[in-house]
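**Q** Dumping the structure here so I can ask a few things about it.
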Amino acid sequence: MSLILPPSPLYHVRHGQTDWNAEGRLQGQHDIPLNDLGREQAARNGAAMRVHFHDNALDPAAFLWLASPLGRSRETMEILRRGMGLDPAAYTVVPALRELTFGRWEGSTLPELKAREPEATAARKADKWGFVPPEGESYAMLSARIGAWLAALPAPAVVVSHGGVQRVLTGLLLGTPAQEIPLLPVPQDRIFRYSAGAADWF
């Protein structure tokens with residue numbers, strides 16, 4: 001995968017846990033709210049970000065603060081900013097940052113889908129990068145959407161969005177092989193930092 005090198009550093013935070021995350025349901029673009037653990041994870045990330053910005057003499061005003069339009073990402077951003085001592089509402093919603101959609105599969109678990117649509121779930125397992133769920137998106141399609149947004153990013157940013165977005169960001173910024181991207185870890189209690197073709201989390 002070709003590398004994209006936007007202004008750095010770029011921070012990405014996955015939204016906190018929802019009940020559908022806990023139940024293993026494909027969430028996609030369904031607007032499921034954070035649960036109590038998800039709010040705790042967001043607060044943890046806000047505290048960690050506050051320490052990180054202080055210790056590295058970073059000015060929050062030098063960053064764009066961008067969130068997916070889905071409520072779980074917006075609430076995570078607001079909790080995070082509140083934990084940093086910033087105005088929780090002072091961020092921008094970016095429609096391109098919404099999660100990968102699983103189409104008609106949203107709300108189901110993988111065991112439910114395997115029982116109901118065994119051939120389709122086997123095809124997905126064989127090619128998670130290219131597989132398109134019924135009325136949904138593939139990771140390849142999501143990567144094209146996020147790549148167009150990323151190429152136009154004008155300044156360093158703190159982004160709150162989703163696990164699928166996190167995975168394709170890693171692919172676009174680090175050149176991860178496409179078939180590995182859907183398998184990348186996407187913890188909800190860590191902050192990812194990308195800078196000059198390298199990445200870490202804290």
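The way I read the labels, and the way they are meant: chains A, B, ... in the order of the structure tokens, residue 1 as the first residue of every chain, and ligand 1 as the first ligand shown, with later ones counted on from there.
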Quick one: residues within 9 Å of Pro134 (chain A), only C-alpha atoms, excluding same-chain residues fewer than 6 positions away - as a list in words?
**A**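 Here the qualifying residues turn out to be Phe102, Gly103, Arg104 and Trp105 of chain A.
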**Q** Write out as a ChimeraX atom specification all residues of region 56-186 of chain A that backbone DSSP assigns to strand (DSSP E).
**A** /A:64-67,92-93,157-161
**Q** With C-alpha atoms kept, could you save the residues just selected as a short mmCIF file (atom, residue, chain, number, x, y, z; two decimals), in the first residue's frame?
**A**
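New file out.cif:
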```
data_model
loop_
_atom_site.label_atom_id
_atom_site.label_comp_id
_atom_site.auth_asym_id
_atom_site.auth_seq_id
_atom_site.Cartn_x
_atom_site.Cartn_y
_atom_site.Cartn_z
CA LEU A 64 -7.27 20.25 14.43
CA TRP A 65 -9.73 18.34 16.63
CA LEU A 66 -11.83 16.08 14.42
CA ALA A 67 -14.49 13.47 15.16
CA THR A 92 -15.19 19.60 14.10
CA VAL A 93 -17.38 16.74 12.90
CA ALA A 157 -4.73 16.66 14.18
CA VAL A 158 -6.30 14.74 17.03
CA VAL A 159 -8.92 12.40 15.56
CA VAL A 160 -11.59 10.39 17.37
CA SER A 161 -13.32 7.77 15.27
#
```
**Q** Find the nearest atom pair between each residue of region 100-189 of chain A and region 20-31 of chain A for residues within 8 Å, count only C-alpha atoms, give distances in Å to one decimal, sort rows by chain and ascending number, and present the table as JSON lines.
**A**
```
{"residue": "A:Leu100", "atom": "CA", "partner": "A:Gly28", "partner_atom": "CA", "distance": 5.5}
{"residue": "A:Thr101", "atom": "CA", "partner": "A:Gly28", "partner_atom": "CA", "distance": 4.4}
{"residue": "A:Phe102", "atom": "CA", "partner": "A:Gly28", "partner_atom": "CA", "distance": 5.6}
{"residue": "A:Gly103", "atom": "CA", "partner": "A:Gly28", "partner_atom": "CA", "distance": 7.8}
{"residue": "A:Trp105", "atom": "CA", "partner": "A:Leu26", "partner_atom": "CA", "distance": 6.9}
{"residue": "A:Glu106", "atom": "CA", "partner": "A:Leu26", "partner_atom": "CA", "distance": 4.9}
{"residue": "A:Gly107", "atom": "CA", "partner": "A:Arg25", "partner_atom": "CA", "distance": 5.3}
{"residue": "A:Ser108", "atom": "CA", "partner": "A:Arg25", "partner_atom": "CA", "distance": 5.2}
{"residue": "A:Thr109", "atom": "CA", "partner": "A:Arg25", "partner_atom": "CA", "distance": 4.4}
{"residue": "A:Leu110", "atom": "CA", "partner": "A:Arg25", "partner_atom": "CA", "distance": 7.4}
```
**Q** Between A:Glu75, A:Asp189, A:Glu180, A:Asp59, single out the one closest to Ile32 (chain A), counting only C-alpha atoms.
**A**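 Comparing A:Glu75, A:Asp189, A:Glu180, A:Asp59 against Ile32 (chain A), the winner is A:Glu75.
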**Q** From a backbone DSSP assignment, name each residue in region 41-85 of chain A labelled helix (DSSP H, G or I), as JSON, numbers by chain.
**A** {"A": [41, 42, 43, 44, 45, 46, 47, 48, 49, 50, 51, 52, 53, 54, 55, 60, 61, 62, 71, 72, 73, 74, 75, 76, 77, 78, 79, 80, 81, 82, 83]}
**Q** Leaving out region 191-193 of chain A and any residue of its chain fewer than 5 positions from it, which residues lie within 8 Å of it when counting only C-alpha atoms, given as JSON, numbers by chain?
**A** {"A": [9, 10, 11, 12, 13, 14, 45, 49, 199, 200, 201, 202]}
**Q** Which residues, written as a PyMOL selection string, have at least one atom at most 6 Å from Gly46 (chain A), with only C-alpha atoms counted and residues fewer than 5 positions away on the same chain left out?
**A** chain A and resi 80+83-84
**Q** Near Ser143 (chain A), within 9 Å and counting only C-alpha atoms, which residues show up once chain neighbours fewer than 3 positions away are dropped, as a PyMOL selection string?
**A** chain A and resi 138-140+146-148+165+167-169+171-172
**Q** Rank A:Arg74, A:Pro6, A:Leu113, A:Ala47 by their smallest atom-to-atom distance to Leu34 (chain A), using only C-alpha atoms, and report the top residue only.
**A**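 The closest residue to Leu34 (chain A) is A:Arg74.
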**Q** Skipping near chain neighbours, those fewer than 5 positions away, what residues fall within 10 Å of region 86-88 of chain A using only C-alpha atoms, listed as a PyMOL selection string?
**A** chain A and resi 50+60+74-81
**Q** Next, dump the selected residues to file, keeping only N, CA, C and O atoms, as a PDB file, in the first residue's frame.
**A**
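This went into out-v1.pdb:
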```
ATOM      1  N   ARG A  50      -3.683  14.684  28.250  1.00  0.00           N
ATOM      2  CA  ARG A  50      -3.305  15.903  28.978  1.00  0.00           C
ATOM      3  C   ARG A  50      -1.853  15.827  29.442  1.00  0.00           C
ATOM      4  O   ARG A  50      -1.082  16.773  29.263  1.00  0.00           O
ATOM      5  N   PRO A  60      -2.552  22.671  22.338  1.00  0.00           N
ATOM      6  CA  PRO A  60      -3.773  22.138  21.710  1.00  0.00           C
ATOM      7  C   PRO A  60      -4.289  22.996  20.564  1.00  0.00           C
ATOM      8  O   PRO A  60      -4.898  22.470  19.626  1.00  0.00           O
ATOM      9  N   ARG A  74     -18.322  11.198  19.113  1.00  0.00           N
ATOM     10  CA  ARG A  74     -18.480  12.569  19.604  1.00  0.00           C
ATOM     11  C   ARG A  74     -18.433  12.607  21.135  1.00  0.00           C
ATOM     12  O   ARG A  74     -17.801  13.499  21.722  1.00  0.00           O
ATOM     13  N   GLU A  75     -19.095  11.658  21.785  1.00  0.00           N
ATOM     14  CA  GLU A  75     -19.046  11.649  23.250  1.00  0.00           C
ATOM     15  C   GLU A  75     -17.629  11.363  23.743  1.00  0.00           C
ATOM     16  O   GLU A  75     -17.166  11.975  24.711  1.00  0.00           O
ATOM     17  N   THR A  76     -16.928  10.455  23.067  1.00  0.00           N
ATOM     18  CA  THR A  76     -15.534  10.181  23.434  1.00  0.00           C
ATOM     19  C   THR A  76     -14.690  11.442  23.305  1.00  0.00           C
ATOM     20  O   THR A  76     -13.885  11.765  24.196  1.00  0.00           O
ATOM     21  N   MET A  77     -14.834  12.159  22.202  1.00  0.00           N
ATOM     22  CA  MET A  77     -14.089  13.401  22.018  1.00  0.00           C
ATOM     23  C   MET A  77     -14.407  14.401  23.120  1.00  0.00           C
ATOM     24  O   MET A  77     -13.497  15.051  23.670  1.00  0.00           O
ATOM     25  N   GLU A  78     -15.661  14.541  23.462  1.00  0.00           N
ATOM     26  CA  GLU A  78     -16.043  15.525  24.479  1.00  0.00           C
ATOM     27  C   GLU A  78     -15.508  15.150  25.859  1.00  0.00           C
ATOM     28  O   GLU A  78     -15.035  16.016  26.606  1.00  0.00           O
ATOM     29  N   ILE A  79     -15.528  13.871  26.203  1.00  0.00           N
ATOM     30  CA  ILE A  79     -14.948  13.427  27.474  1.00  0.00           C
ATOM     31  C   ILE A  79     -13.441  13.647  27.463  1.00  0.00           C
ATOM     32  O   ILE A  79     -12.847  14.117  28.444  1.00  0.00           O
ATOM     33  N   LEU A  80     -12.792  13.312  26.340  1.00  0.00           N
ATOM     34  CA  LEU A  80     -11.349  13.482  26.218  1.00  0.00           C
ATOM     35  C   LEU A  80     -10.957  14.953  26.385  1.00  0.00           C
ATOM     36  O   LEU A  80     -10.041  15.285  27.147  1.00  0.00           O
ATOM     37  N   ARG A  81     -11.642  15.836  25.683  1.00  0.00           N
ATOM     38  CA  ARG A  81     -11.301  17.262  25.766  1.00  0.00           C
ATOM     39  C   ARG A  81     -11.585  17.816  27.163  1.00  0.00           C
ATOM     40  O   ARG A  81     -10.812  18.632  27.678  1.00  0.00           O
TER      41      ARG A  81
END
```
**Q** When you count only C-alpha atoms, which of these residues is closest to Trp129 (chain A): A:Ala151, A:Leu183, A:Val94, A:Ala198?
**A**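 With only C-alpha atoms as the atom set, the closest residue is A:Leu183.
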**Q** Residues near Asp127 (chain A), anyone? I mean within 10 Å using only C-alpha atoms, not counting same-chain ones fewer than 5 positions away, as a PyMOL selection string.
**A** chain A and resi 121-122+132+138-139+179+182
**Q** How many Å lie between CA of Gly197 (chain A) and CA of Ile4 (chain A), rounded to one decimal?
**A**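 CA of Ile4 (chain A) lies 8.7 Å from CA of Gly197 (chain A).
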